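Trainee: File my_file38.pdb below, PDB, C-alpha atoms, pLDDT in the B column:
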MODEL        1
ATOM      1  CA  MET G   1     -16.955 -77.401  18.268  1.00 47.00           C
ATOM      2  CA  SER G   2     -14.193 -75.848  20.374  1.00 47.00           C
ATOM      3  CA  ALA G   3     -12.394 -72.727  19.189  1.00 48.00           C
ATOM      4  CA  ASP G   4      -8.705 -72.752  18.274  1.00 50.00           C
ATOM      5  CA  VAL G   5      -6.395 -71.854  21.124  1.00 50.00           C
ATOM      6  CA  GLY G   6      -4.218 -69.476  19.071  1.00 53.00           C
ATOM      7  CA  THR G   7      -7.105 -67.541  17.513  1.00 52.00           C
ATOM      8  CA  PRO G   8      -7.878 -64.297  19.383  1.00 53.00           C
ATOM      9  CA  ALA G   9     -11.430 -63.521  20.301  1.00 51.00           C
ATOM     10  CA  PRO G  10     -13.073 -61.125  17.850  1.00 51.00           C
ATOM     11  CA  LEU G  11     -13.824 -57.589  18.963  1.00 52.00           C
ATOM     12  CA  ALA G  12     -17.218 -55.924  18.808  1.00 51.00           C
ATOM     13  CA  THR G  13     -16.252 -54.395  15.456  1.00 54.00           C
ATOM     14  CA  GLY G  14     -15.518 -57.806  13.936  1.00 58.00           C
ATOM     15  CA  ALA G  15     -11.720 -57.378  13.872  1.00 61.00           C
ATOM     16  CA  PRO G  16      -9.622 -59.910  15.792  1.00 67.00           C
ATOM     17  CA  ALA G  17      -8.139 -58.767  19.097  1.00 70.00           C
ATOM     18  CA  PRO G  18      -4.363 -58.115  19.031  1.00 71.00           C
ATOM     19  CA  LEU G  19      -2.194 -60.880  20.398  1.00 72.00           C
ATOM     20  CA  PRO G  20       0.105 -60.094  23.357  1.00 74.00           C
ATOM     21  CA  GLU G  21       3.186 -61.187  21.412  1.00 66.00           C
ATOM     22  CA  ASP G  22       2.396 -58.625  18.684  1.00 71.00           C
ATOM     23  CA  ALA G  23       2.848 -55.677  21.057  1.00 76.00           C
ATOM     24  CA  GLY G  24       6.554 -55.405  20.213  1.00 77.00           C
ATOM     25  CA  GLN G  25       6.073 -55.127  16.455  1.00 83.00           C
ATOM     26  CA  TRP G  26       6.791 -51.806  14.748  1.00 83.00           C
ATOM     27  CA  THR G  27       3.225 -51.482  13.498  1.00 85.00           C
ATOM     28  CA  ALA G  28       1.884 -51.827  17.033  1.00 82.00           C
ATOM     29  CA  ARG G  29       4.384 -49.287  18.356  1.00 84.00           C
ATOM     30  CA  ILE G  30       3.497 -46.752  15.652  1.00 88.00           C
ATOM     31  CA  ARG G  31      -0.208 -47.300  16.302  1.00 85.00           C
ATOM     32  CA  ARG G  32       0.189 -46.744  20.046  1.00 84.00           C
ATOM     33  CA  ARG G  33       2.203 -43.570  19.504  1.00 85.00           C
ATOM     34  CA  ALA G  34      -0.290 -42.234  16.964  1.00 86.00           C
ATOM     35  CA  VAL G  35      -3.265 -42.894  19.221  1.00 85.00           C
ATOM     36  CA  GLY G  36      -1.404 -41.449  22.205  1.00 82.00           C
ATOM     37  CA  ALA G  37      -0.429 -38.268  20.347  1.00 80.00           C
ATOM     38  CA  PHE G  38      -3.729 -37.814  18.511  1.00 81.00           C
ATOM     39  CA  PRO G  39      -6.606 -39.463  20.374  1.00 82.00           C
ATOM     40  CA  PRO G  40      -9.794 -39.789  18.315  1.00 82.00           C
ATOM     41  CA  GLU G  41     -11.695 -37.531  20.694  1.00 80.00           C
ATOM     42  CA  ARG G  42      -9.185 -34.746  19.931  1.00 80.00           C
ATOM     43  CA  LEU G  43      -9.109 -35.273  16.178  1.00 81.00           C
ATOM     44  CA  LEU G  44     -12.914 -35.147  15.932  1.00 82.00           C
ATOM     45  CA  PRO G  45     -14.137 -33.408  19.095  1.00 83.00           C
ATOM     46  CA  ASP G  46     -17.844 -33.178  19.789  1.00 82.00           C
ATOM     47  CA  ARG G  47     -17.604 -29.832  21.587  1.00 84.00           C
ATOM     48  CA  GLN G  48     -15.406 -26.767  21.513  1.00 83.00           C
ATOM     49  CA  PRO G  49     -14.770 -24.085  24.152  1.00 86.00           C
ATOM     50  CA  ALA G  50     -17.255 -21.228  24.297  1.00 87.00           C
ATOM     51  CA  TYR G  51     -14.729 -18.640  23.106  1.00 87.00           C
ATOM     52  CA  VAL G  52     -14.466 -20.409  19.731  1.00 88.00           C
ATOM     53  CA  ALA G  53     -17.809 -18.776  18.876  1.00 88.00           C
ATOM     54  CA  SER G  54     -15.955 -15.456  18.457  1.00 89.00           C
ATOM     55  CA  TRP G  55     -15.613 -14.193  14.878  1.00 91.00           C
ATOM     56  CA  ILE G  56     -11.805 -14.221  14.972  1.00 91.00           C
ATOM     57  CA  TYR G  57     -11.790 -18.022  15.162  1.00 92.00           C
ATOM     58  CA  VAL G  58     -13.794 -18.327  11.931  1.00 94.00           C
ATOM     59  CA  PHE G  59     -10.987 -17.271   9.592  1.00 96.00           C
ATOM     60  CA  GLY G  60      -8.993 -20.468  10.064  1.00 94.00           C
ATOM     61  CA  VAL G  61     -11.890 -22.557   8.764  1.00 94.00           C
ATOM     62  CA  LEU G  62     -12.537 -20.050   5.973  1.00 96.00           C
ATOM     63  CA  THR G  63      -8.887 -20.339   4.922  1.00 97.00           C
ATOM     64  CA  LEU G  64      -9.149 -24.123   4.708  1.00 96.00           C
ATOM     65  CA  THR G  65     -12.434 -23.890   2.800  1.00 97.00           C
ATOM     66  CA  SER G  66     -11.036 -21.496   0.217  1.00 97.00           C
ATOM     67  CA  LEU G  67      -7.927 -23.688  -0.080  1.00 97.00           C
ATOM     68  CA  ALA G  68     -10.164 -26.652  -0.940  1.00 97.00           C
ATOM     69  CA  VAL G  69     -11.848 -24.604  -3.691  1.00 97.00           C
ATOM     70  CA  VAL G  70      -8.419 -23.526  -4.970  1.00 97.00           C
ATOM     71  CA  ALA G  71      -7.237 -27.145  -5.139  1.00 96.00           C
ATOM     72  CA  LEU G  72     -10.410 -28.407  -6.818  1.00 97.00           C
ATOM     73  CA  SER G  73     -10.581 -25.683  -9.460  1.00 97.00           C
ATOM     74  CA  GLY G  74      -6.825 -25.887 -10.037  1.00 96.00           C
ATOM     75  CA  ALA G  75      -7.025 -29.632 -10.631  1.00 96.00           C
ATOM     76  CA  VAL G  76      -9.678 -29.080 -13.315  1.00 96.00           C
ATOM     77  CA  LEU G  77      -7.550 -26.394 -14.984  1.00 95.00           C
ATOM     78  CA  ALA G  78      -4.469 -28.611 -14.950  1.00 93.00           C
ATOM     79  CA  LEU G  79      -6.369 -31.465 -16.593  1.00 94.00           C
ATOM     80  CA  GLU G  80      -7.890 -29.328 -19.348  1.00 94.00           C
ATOM     81  CA  GLY G  81      -4.923 -27.105 -20.238  1.00 91.00           C
ATOM     82  CA  PRO G  82      -4.376 -23.453 -21.250  1.00 91.00           C
ATOM     83  CA  SER G  83      -6.419 -23.577 -24.466  1.00 92.00           C
ATOM     84  CA  TRP G  84      -9.495 -24.678 -22.520  1.00 95.00           C
ATOM     85  CA  TRP G  85      -9.304 -22.048 -19.790  1.00 92.00           C
ATOM     86  CA  HIS G  86      -8.710 -19.262 -22.357  1.00 93.00           C
ATOM     87  CA  GLN G  87     -11.287 -20.199 -25.044  1.00 93.00           C
ATOM     88  CA  SER G  88     -14.065 -22.209 -23.404  1.00 94.00           C
ATOM     89  CA  ARG G  89     -16.804 -20.438 -21.468  1.00 96.00           C
ATOM     90  CA  VAL G  90     -16.712 -23.130 -18.817  1.00 96.00           C
ATOM     91  CA  GLY G  91     -12.933 -22.839 -18.741  1.00 95.00           C
ATOM     92  CA  LEU G  92     -13.139 -19.094 -18.227  1.00 95.00           C
ATOM     93  CA  PHE G  93     -15.582 -19.651 -15.375  1.00 97.00           C
ATOM     94  CA  VAL G  94     -13.355 -22.224 -13.687  1.00 97.00           C
ATOM     95  CA  ASN G  95     -10.328 -19.995 -14.219  1.00 95.00           C
ATOM     96  CA  SER G  96     -12.155 -17.062 -12.597  1.00 96.00           C
ATOM     97  CA  THR G  97     -13.281 -19.309  -9.741  1.00 97.00           C
ATOM     98  CA  HIS G  98      -9.686 -20.361  -9.203  1.00 97.00           C
ATOM     99  CA  LEU G  99      -8.475 -16.759  -9.215  1.00 95.00           C
ATOM    100  CA  TRP G 100     -11.063 -15.407  -6.793  1.00 97.00           C
ATOM    101  CA  SER G 101     -10.726 -18.364  -4.455  1.00 97.00           C
ATOM    102  CA  VAL G 102      -7.000 -17.576  -4.286  1.00 97.00           C
ATOM    103  CA  GLU G 103      -7.816 -13.941  -3.471  1.00 96.00           C
ATOM    104  CA  LEU G 104     -10.180 -15.023  -0.695  1.00 97.00           C
ATOM    105  CA  PHE G 105      -7.643 -17.574   0.533  1.00 97.00           C
ATOM    106  CA  PHE G 106      -4.999 -14.906   1.072  1.00 97.00           C
ATOM    107  CA  PHE G 107      -7.478 -12.470   2.610  1.00 98.00           C
ATOM    108  CA  PHE G 108      -8.694 -15.040   5.111  1.00 97.00           C
ATOM    109  CA  MET G 109      -5.168 -16.242   5.853  1.00 97.00           C
ATOM    110  CA  VAL G 110      -3.813 -12.744   6.490  1.00 97.00           C
ATOM    111  CA  VAL G 111      -6.673 -11.932   8.869  1.00 97.00           C
ATOM    112  CA  HIS G 112      -6.159 -15.313  10.541  1.00 96.00           C
ATOM    113  CA  LEU G 113      -2.427 -14.728  10.995  1.00 96.00           C
ATOM    114  CA  TRP G 114      -2.798 -11.185  12.322  1.00 96.00           C
ATOM    115  CA  GLY G 115      -5.555 -12.253  14.678  1.00 94.00           C
ATOM    116  CA  LYS G 116      -3.439 -15.070  16.096  1.00 95.00           C
ATOM    117  CA  PHE G 117      -0.414 -12.774  16.293  1.00 96.00           C
ATOM    118  CA  PHE G 118      -2.227 -10.289  18.522  1.00 95.00           C
ATOM    119  CA  MET G 119      -3.570 -13.204  20.568  1.00 93.00           C
ATOM    120  CA  ALA G 120      -0.012 -14.590  21.011  1.00 94.00           C
ATOM    121  CA  ALA G 121      -1.052 -17.920  19.521  1.00 94.00           C
ATOM    122  CA  TRP G 122       2.281 -19.500  20.477  1.00 95.00           C
ATOM    123  CA  ARG G 123       1.196 -19.609  24.148  1.00 93.00           C
ATOM    124  CA  GLY G 124       0.655 -22.943  25.850  1.00 90.00           C
ATOM    125  CA  ARG G 125       3.249 -24.986  23.937  1.00 91.00           C
ATOM    126  CA  ARG G 126       1.783 -23.890  20.604  1.00 94.00           C
ATOM    127  CA  ARG G 127       5.018 -22.621  19.039  1.00 95.00           C
ATOM    128  CA  ALA G 128       5.030 -25.351  16.406  1.00 95.00           C
ATOM    129  CA  THR G 129       1.428 -24.516  15.508  1.00 95.00           C
ATOM    130  CA  TRP G 130       2.326 -20.860  14.980  1.00 96.00           C
ATOM    131  CA  ILE G 131       5.480 -21.666  12.986  1.00 97.00           C
ATOM    132  CA  THR G 132       3.691 -24.056  10.630  1.00 97.00           C
ATOM    133  CA  GLY G 133       1.024 -21.414  10.011  1.00 96.00           C
ATOM    134  CA  VAL G 134       3.631 -18.785   9.098  1.00 97.00           C
ATOM    135  CA  VAL G 135       5.576 -21.203   6.890  1.00 97.00           C
ATOM    136  CA  SER G 136       2.384 -22.205   5.085  1.00 97.00           C
ATOM    137  CA  PHE G 137       1.754 -18.537   4.281  1.00 97.00           C
ATOM    138  CA  ILE G 138       5.263 -18.183   2.814  1.00 97.00           C
ATOM    139  CA  VAL G 139       4.859 -21.312   0.697  1.00 97.00           C
ATOM    140  CA  SER G 140       1.449 -20.037  -0.439  1.00 97.00           C
ATOM    141  CA  VAL G 141       3.074 -16.857  -1.753  1.00 96.00           C
ATOM    142  CA  GLY G 142       5.469 -18.924  -3.866  1.00 94.00           C
ATOM    143  CA  THR G 143       2.617 -21.097  -5.112  1.00 96.00           C
ATOM    144  CA  ALA G 144       0.592 -18.050  -6.118  1.00 95.00           C
ATOM    145  CA  PHE G 145       3.623 -16.507  -7.848  1.00 95.00           C
ATOM    146  CA  THR G 146       4.174 -19.578 -10.018  1.00 95.00           C
ATOM    147  CA  GLY G 147       0.436 -19.594 -10.711  1.00 95.00           C
ATOM    148  CA  TYR G 148       0.578 -16.083 -12.121  1.00 92.00           C
ATOM    149  CA  LEU G 149       3.503 -17.191 -14.306  1.00 93.00           C
ATOM    150  CA  SER G 150       1.437 -20.134 -15.614  1.00 92.00           C
ATOM    151  CA  GLN G 151      -1.494 -18.087 -16.923  1.00 90.00           C
ATOM    152  CA  GLN G 152      -0.167 -18.037 -20.513  1.00 88.00           C
ATOM    153  CA  ASN G 153      -1.253 -14.460 -21.216  1.00 88.00           C
ATOM    154  CA  PHE G 154       0.345 -11.007 -21.413  1.00 90.00           C
ATOM    155  CA  ASP G 155       0.063 -10.625 -17.655  1.00 89.00           C
ATOM    156  CA  SER G 156       2.186 -13.708 -17.008  1.00 90.00           C
ATOM    157  CA  GLN G 157       4.694 -12.655 -19.672  1.00 90.00           C
ATOM    158  CA  TRP G 158       5.102  -9.244 -18.076  1.00 92.00           C
ATOM    159  CA  ILE G 159       5.521 -10.751 -14.598  1.00 90.00           C
ATOM    160  CA  GLY G 160       8.072 -13.257 -15.904  1.00 91.00           C
ATOM    161  CA  THR G 161      10.196 -10.692 -17.752  1.00 91.00           C
ATOM    162  CA  GLN G 162      10.167  -8.321 -14.775  1.00 90.00           C
ATOM    163  CA  ALA G 163      11.037 -11.047 -12.264  1.00 90.00           C
ATOM    164  CA  LYS G 164      13.727 -12.675 -14.419  1.00 90.00           C
ATOM    165  CA  ASP G 165      16.494 -10.182 -13.694  1.00 89.00           C
ATOM    166  CA  GLY G 166      15.725 -10.012  -9.986  1.00 88.00           C
ATOM    167  CA  ILE G 167      15.774 -13.787  -9.571  1.00 90.00           C
ATOM    168  CA  ASN G 168      18.921 -14.129 -11.685  1.00 90.00           C
ATOM    169  CA  ALA G 169      20.612 -11.543  -9.466  1.00 90.00           C
ATOM    170  CA  THR G 170      20.059 -13.816  -6.456  1.00 89.00           C
ATOM    171  CA  GLY G 171      21.568 -16.822  -8.248  1.00 89.00           C
ATOM    172  CA  ALA G 172      18.299 -18.772  -8.207  1.00 87.00           C
ATOM    173  CA  GLY G 173      17.775 -18.350 -11.945  1.00 86.00           C
ATOM    174  CA  ALA G 174      20.027 -21.339 -12.622  1.00 85.00           C
ATOM    175  CA  PHE G 175      17.330 -23.737 -11.414  1.00 88.00           C
ATOM    176  CA  PHE G 176      14.233 -21.494 -11.249  1.00 91.00           C
ATOM    177  CA  ASN G 177      13.568 -20.121 -14.734  1.00 92.00           C
ATOM    178  CA  VAL G 178      10.457 -17.942 -14.597  1.00 92.00           C
ATOM    179  CA  LEU G 179      10.272 -17.844 -18.404  1.00 91.00           C
ATOM    180  CA  ASN G 180       9.994 -21.638 -18.643  1.00 92.00           C
ATOM    181  CA  PHE G 181       6.264 -22.390 -18.680  1.00 91.00           C
ATOM    182  CA  GLY G 182       6.666 -26.136 -18.136  1.00 91.00           C
ATOM    183  CA  GLN G 183       8.893 -25.658 -15.116  1.00 93.00           C
ATOM    184  CA  MET G 184       6.642 -23.033 -13.543  1.00 94.00           C
ATOM    185  CA  LEU G 185       3.565 -25.192 -14.159  1.00 93.00           C
ATOM    186  CA  MET G 186       5.156 -28.168 -12.398  1.00 94.00           C
ATOM    187  CA  TRP G 187       6.177 -25.967  -9.477  1.00 95.00           C
ATOM    188  CA  HIS G 188       2.632 -24.634  -9.312  1.00 95.00           C
ATOM    189  CA  ILE G 189       0.568 -27.807  -9.643  1.00 94.00           C
ATOM    190  CA  LEU G 190       2.897 -30.450  -8.139  1.00 94.00           C
ATOM    191  CA  LEU G 191       5.883 -29.465  -5.996  1.00 95.00           C
ATOM    192  CA  LEU G 192       4.662 -26.455  -4.030  1.00 96.00           C
ATOM    193  CA  PRO G 193       1.105 -27.805  -3.505  1.00 96.00           C
ATOM    194  CA  LEU G 194       2.564 -31.008  -2.040  1.00 96.00           C
ATOM    195  CA  VAL G 195       4.703 -29.025   0.392  1.00 97.00           C
ATOM    196  CA  LEU G 196       1.821 -26.711   1.245  1.00 97.00           C
ATOM    197  CA  GLY G 197      -0.598 -29.586   1.754  1.00 96.00           C
ATOM    198  CA  LEU G 198       1.824 -31.385   4.072  1.00 97.00           C
ATOM    199  CA  ILE G 199       2.375 -28.262   6.175  1.00 97.00           C
ATOM    200  CA  VAL G 200      -1.357 -27.593   6.389  1.00 97.00           C
ATOM    201  CA  VAL G 201      -2.046 -31.161   7.538  1.00 96.00           C
ATOM    202  CA  VAL G 202       0.633 -30.858  10.237  1.00 96.00           C
ATOM    203  CA  HIS G 203      -0.798 -27.479  11.255  1.00 96.00           C
ATOM    204  CA  VAL G 204      -4.326 -28.855  11.616  1.00 95.00           C
ATOM    205  CA  LEU G 205      -3.083 -31.877  13.573  1.00 94.00           C
ATOM    206  CA  LEU G 206      -1.202 -29.588  15.946  1.00 94.00           C
ATOM    207  CA  VAL G 207      -4.323 -27.478  16.429  1.00 93.00           C
ATOM    208  CA  ARG G 208      -6.258 -30.635  17.285  1.00 91.00           C
ATOM    209  CA  LYS G 209      -3.549 -31.803  19.644  1.00 90.00           C
ATOM    210  CA  ARG G 210      -2.936 -28.545  21.526  1.00 90.00           C
ATOM    211  CA  GLY G 211      -6.366 -27.024  21.007  1.00 89.00           C
ATOM    212  CA  VAL G 212      -7.173 -23.525  19.791  1.00 90.00           C
ATOM    213  CA  VAL G 213      -5.440 -20.773  21.684  1.00 91.00           C
ATOM    214  CA  PRO G 214      -7.699 -19.171  24.331  1.00 91.00           C
ATOM    215  CA  PRO G 215      -8.080 -15.398  24.541  1.00 90.00           C
ATOM    216  CA  PHE G 216      -6.148 -13.405  27.093  1.00 89.00           C
ATOM    217  CA  PRO G 217      -7.726 -13.387  30.558  1.00 87.00           C
ATOM    218  CA  ALA G 218      -9.766 -10.296  31.312  1.00 80.00           C
ATOM    219  CA  LYS G 219      -7.993  -7.656  33.387  1.00 79.00           C
ATOM    220  CA  THR G 220      -9.736  -7.028  36.710  1.00 72.00           C
ATOM    221  CA  ALA G 221      -9.978  -3.332  37.515  1.00 60.00           C
ATOM    222  CA  ALA G 222      -8.952  -2.222  41.005  1.00 57.00           C
ATOM    223  CA  ALA G 223     -11.826  -1.385  43.357  1.00 54.00           C
ATOM    224  CA  PRO G 224     -12.354   2.405  43.689  1.00 57.00           C
ATOM    225  CA  ALA G 225     -11.276   3.930  47.006  1.00 55.00           C
ATOM    226  CA  LEU G 226     -14.098   4.957  49.317  1.00 56.00           C
ATOM    227  CA  ALA G 227     -14.260   8.071  51.477  1.00 54.00           C
ATOM    228  CA  GLY G 228     -12.575   7.537  54.818  1.00 54.00           C
ATOM    229  CA  ASP G 229     -10.288   4.742  53.632  1.00 53.00           C
ATOM    230  CA  VAL G 230      -6.724   5.038  54.853  1.00 54.00           C
ATOM    231  CA  ALA G 231      -4.170   4.844  52.094  1.00 52.00           C
ATOM    232  CA  PRO G 232      -1.447   2.256  52.685  1.00 55.00           C
ATOM    233  CA  ALA G 233       1.956   3.595  53.605  1.00 55.00           C
ATOM    234  CA  PRO G 234       4.436   3.537  50.708  1.00 54.00           C
ATOM    235  CA  ALA G 235       7.053   0.839  50.857  1.00 51.00           C
ATOM    236  CA  ALA G 236      10.487   1.994  51.875  1.00 50.00           C
ATOM    237  CA  THR G 237      13.060   2.018  49.115  1.00 48.00           C
ATOM    238  CA  GLY G 238      16.621   0.906  49.418  1.00 46.00           C
ATOM    239  CA  GLY G 239      17.826   4.489  49.834  1.00 44.00           C
ATOM    240  CA  GLU G 240      15.415   5.183  52.682  1.00 44.00           C
ATOM    241  CA  LYS G 241      16.568   2.048  54.497  1.00 44.00           C
ATOM    242  CA  ILE G 242      20.207   3.130  54.205  1.00 42.00           C
ATOM    243  CA  GLY G 243      19.325   6.582  55.520  1.00 44.00           C
ATOM    244  CA  GLU G 244      17.540   5.094  58.495  1.00 45.00           C
ATOM    245  CA  GLN G 245      20.506   2.901  59.311  1.00 44.00           C
ATOM    246  CA  GLN G 246      22.840   5.868  59.152  1.00 41.00           C
TER     247      GLN G 246
ENDMDL
END
So that I can check it, write out the structure of this file as structure tokens.
Mentor:
Amino acid sequence: MSADVGTPAPLATGAPAPLPEDAGQWTARIRRRAVGAFPPERLLPDRQPAYVASWIYVFGVLTLTSLAVVALSGAVLALEGPSWWHQSRVGLFVNSTHLWSVELFFFFMVVHLWGKFFMAAWRGRRRATWITGVVSFIVSVGTAFTGYLSQQNFDSQWIGTQAKDGINATGAGAFFNVLNFGQMLMWHILLLPLVLGLIVVVHVLLVRKRGVVPPFPAKTAAAPALAGDVAPAPAATGGEKIGEQQ
């Protein structure tokens, strides 16, 4: 039996080969741009440069790991509610896990940011990578602030009453009411995490695309002068040249 003329030959993976007339479709164009910008060998590389073994490069991964624990424990707390995390032993454990994972998240992120700052991580067309990292830290501060306001205890009440006047003085109190538990909870578990997650994904993709920033090249010390070497004559300055011409 002969095969149909219009049916493309199947690939090794079992999927049909793309037709030439499909190259102009928007799905094909998006796919080509995505593969060109983020090749699979860059998204999931098999090897990394030798300098990545340094301890300063570990804090980025530790930040992502602690963020995953924060998201997982926070999802459990959001599903169970305040009564569960205040009265149940398991709830208290998950609540403590969420709190300490947030503490570790900020510790790792601050060390990561300072380390990349002193390494000038914006070198080599990595400005967008650096900016997304800084913006993610700022959004994380807002997410943590709304989390403290959502604890439903005396600590959150004190933070809310103290922050109310300051936020109202800026004019933001009209749409950001720190004494409204429902509003702060939605900011904490829905709006800000979505923004933070999107920025983190873009940050990781940029790291994969541009690669991790290399350390500064080592400074080569000048060779010490030996006995008997003749020192080079100093270069004439502009004033000495004018004096010679006069």
Trainee: Might you pull out every residue within 12 Å of Ala78 (chain G), with only C-alpha atoms counted and same-chain residues fewer than 5 positions away left off, and present them as an mmCIF file with C-alpha atoms, in the coordinates of the input?
Mentor:
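This is the output file around04.cif:
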data_model
loop_
_atom_site.group_PDB
_atom_site.id
_atom_site.type_symbol
_atom_site.label_atom_id
_atom_site.label_comp_id
_atom_site.auth_asym_id
_atom_site.auth_seq_id
_atom_site.Cartn_x
_atom_site.Cartn_y
_atom_site.Cartn_z
ATOM 1 C CA VAL G 70 -8.419 -23.526 -4.970
ATOM 2 C CA ALA G 71 -7.237 -27.145 -5.139
ATOM 3 C CA LEU G 72 -10.410 -28.407 -6.818
ATOM 4 C CA SER G 73 -10.581 -25.683 -9.460
ATOM 5 C CA SER G 83 -6.419 -23.577 -24.466
ATOM 6 C CA TRP G 84 -9.495 -24.678 -22.520
ATOM 7 C CA TRP G 85 -9.304 -22.048 -19.790
ATOM 8 C CA GLY G 91 -12.933 -22.839 -18.741
ATOM 9 C CA VAL G 94 -13.355 -22.224 -13.687
ATOM 10 C CA ASN G 95 -10.328 -19.995 -14.219
ATOM 11 C CA HIS G 98 -9.686 -20.361 -9.203
ATOM 12 C CA GLY G 147 0.436 -19.594 -10.711
ATOM 13 C CA SER G 150 1.437 -20.134 -15.614
ATOM 14 C CA GLN G 151 -1.494 -18.087 -16.923
ATOM 15 C CA GLY G 182 6.666 -26.136 -18.136
ATOM 16 C CA LEU G 185 3.565 -25.192 -14.159
ATOM 17 C CA MET G 186 5.156 -28.168 -12.398
ATOM 18 C CA HIS G 188 2.632 -24.634 -9.312
ATOM 19 C CA ILE G 189 0.568 -27.807 -9.643
ATOM 20 C CA LEU G 190 2.897 -30.450 -8.139
#
Trainee: Selection in question (the file shown): the PyMOL selection byres ((chain G and resi 106) around 9). Which residues does it include, as a short mmCIF file (atom, residue, chain, number, x, y, z; two decimals) with C-alpha atoms, in the frame of the given file?
Mentor:
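Output saved as part20.cif:
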data_model
loop_
_atom_site.label_atom_id
_atom_site.label_comp_id
_atom_site.auth_asym_id
_atom_site.auth_seq_id
_atom_site.Cartn_x
_atom_site.Cartn_y
_atom_site.Cartn_z
CA THR G 63 -8.89 -20.34 4.92
CA SER G 66 -11.04 -21.50 0.22
CA SER G 101 -10.73 -18.36 -4.46
CA VAL G 102 -7.00 -17.58 -4.29
CA GLU G 103 -7.82 -13.94 -3.47
CA LEU G 104 -10.18 -15.02 -0.70
CA PHE G 105 -7.64 -17.57 0.53
CA PHE G 107 -7.48 -12.47 2.61
CA PHE G 108 -8.69 -15.04 5.11
CA MET G 109 -5.17 -16.24 5.85
CA VAL G 110 -3.81 -12.74 6.49
CA VAL G 111 -6.67 -11.93 8.87
CA PHE G 137 1.75 -18.54 4.28
CA SER G 140 1.45 -20.04 -0.44
CA VAL G 141 3.07 -16.86 -1.75
#
Trainee: What's around Arg208 (chain G) at 9 Å? Count only C-alpha atoms, leave out sequence neighbours fewer than 6 positions away in its own chain, and write the answer as a list in words.
Mentor: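 Contacts, in chain order: Phe38, Arg42, Leu43, Leu44 and Pro45 of chain G.
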Trainee: Using only C-alpha atoms, which protein or nucleic acid residues come within 10 Å of Arg123 (chain G)? Drop anything in the same chain fewer than 5 positions from it, and give the result as a list in words.
Mentor: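 The filter keeps Thr129, Trp130, Val213 and Pro214 of chain G.
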Trainee: May I have the residues within 10 Å of Pro49 (chain G) as a list in words, using all atoms listed in the file and disregarding those fewer than 2 positions away in the same chain?
Mentor: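 Selected residues are Arg47, Tyr51, Val52, Ala53, Gly211, Val212 and Pro214 of chain G.
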Trainee: Restricting it to C-alpha atoms, dump the selection as a PDB file, in the frame of the given file.
Mentor:
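The new file result-v6.pdb reads:
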ATOM      1  CA  ARG G  47     -17.604 -29.832  21.587  1.00 84.00           C
ATOM      2  CA  TYR G  51     -14.729 -18.640  23.106  1.00 87.00           C
ATOM      3  CA  VAL G  52     -14.466 -20.409  19.731  1.00 88.00           C
ATOM      4  CA  ALA G  53     -17.809 -18.776  18.876  1.00 88.00           C
ATOM      5  CA  GLY G 211      -6.366 -27.024  21.007  1.00 89.00           C
ATOM      6  CA  VAL G 212      -7.173 -23.525  19.791  1.00 90.00           C
ATOM      7  CA  PRO G 214      -7.699 -19.171  24.331  1.00 91.00           C
TER       8      PRO G 214
END
Trainee: For this structure, which residues satisfy the selection - the PyMOL selection byres ((chain G and resi 164) around 8) - when it is evaluated on the file as given? I want them as a VMD selection string.
Mentor: chain G and resid 160 to 163 165 to 168 173 177 to 179
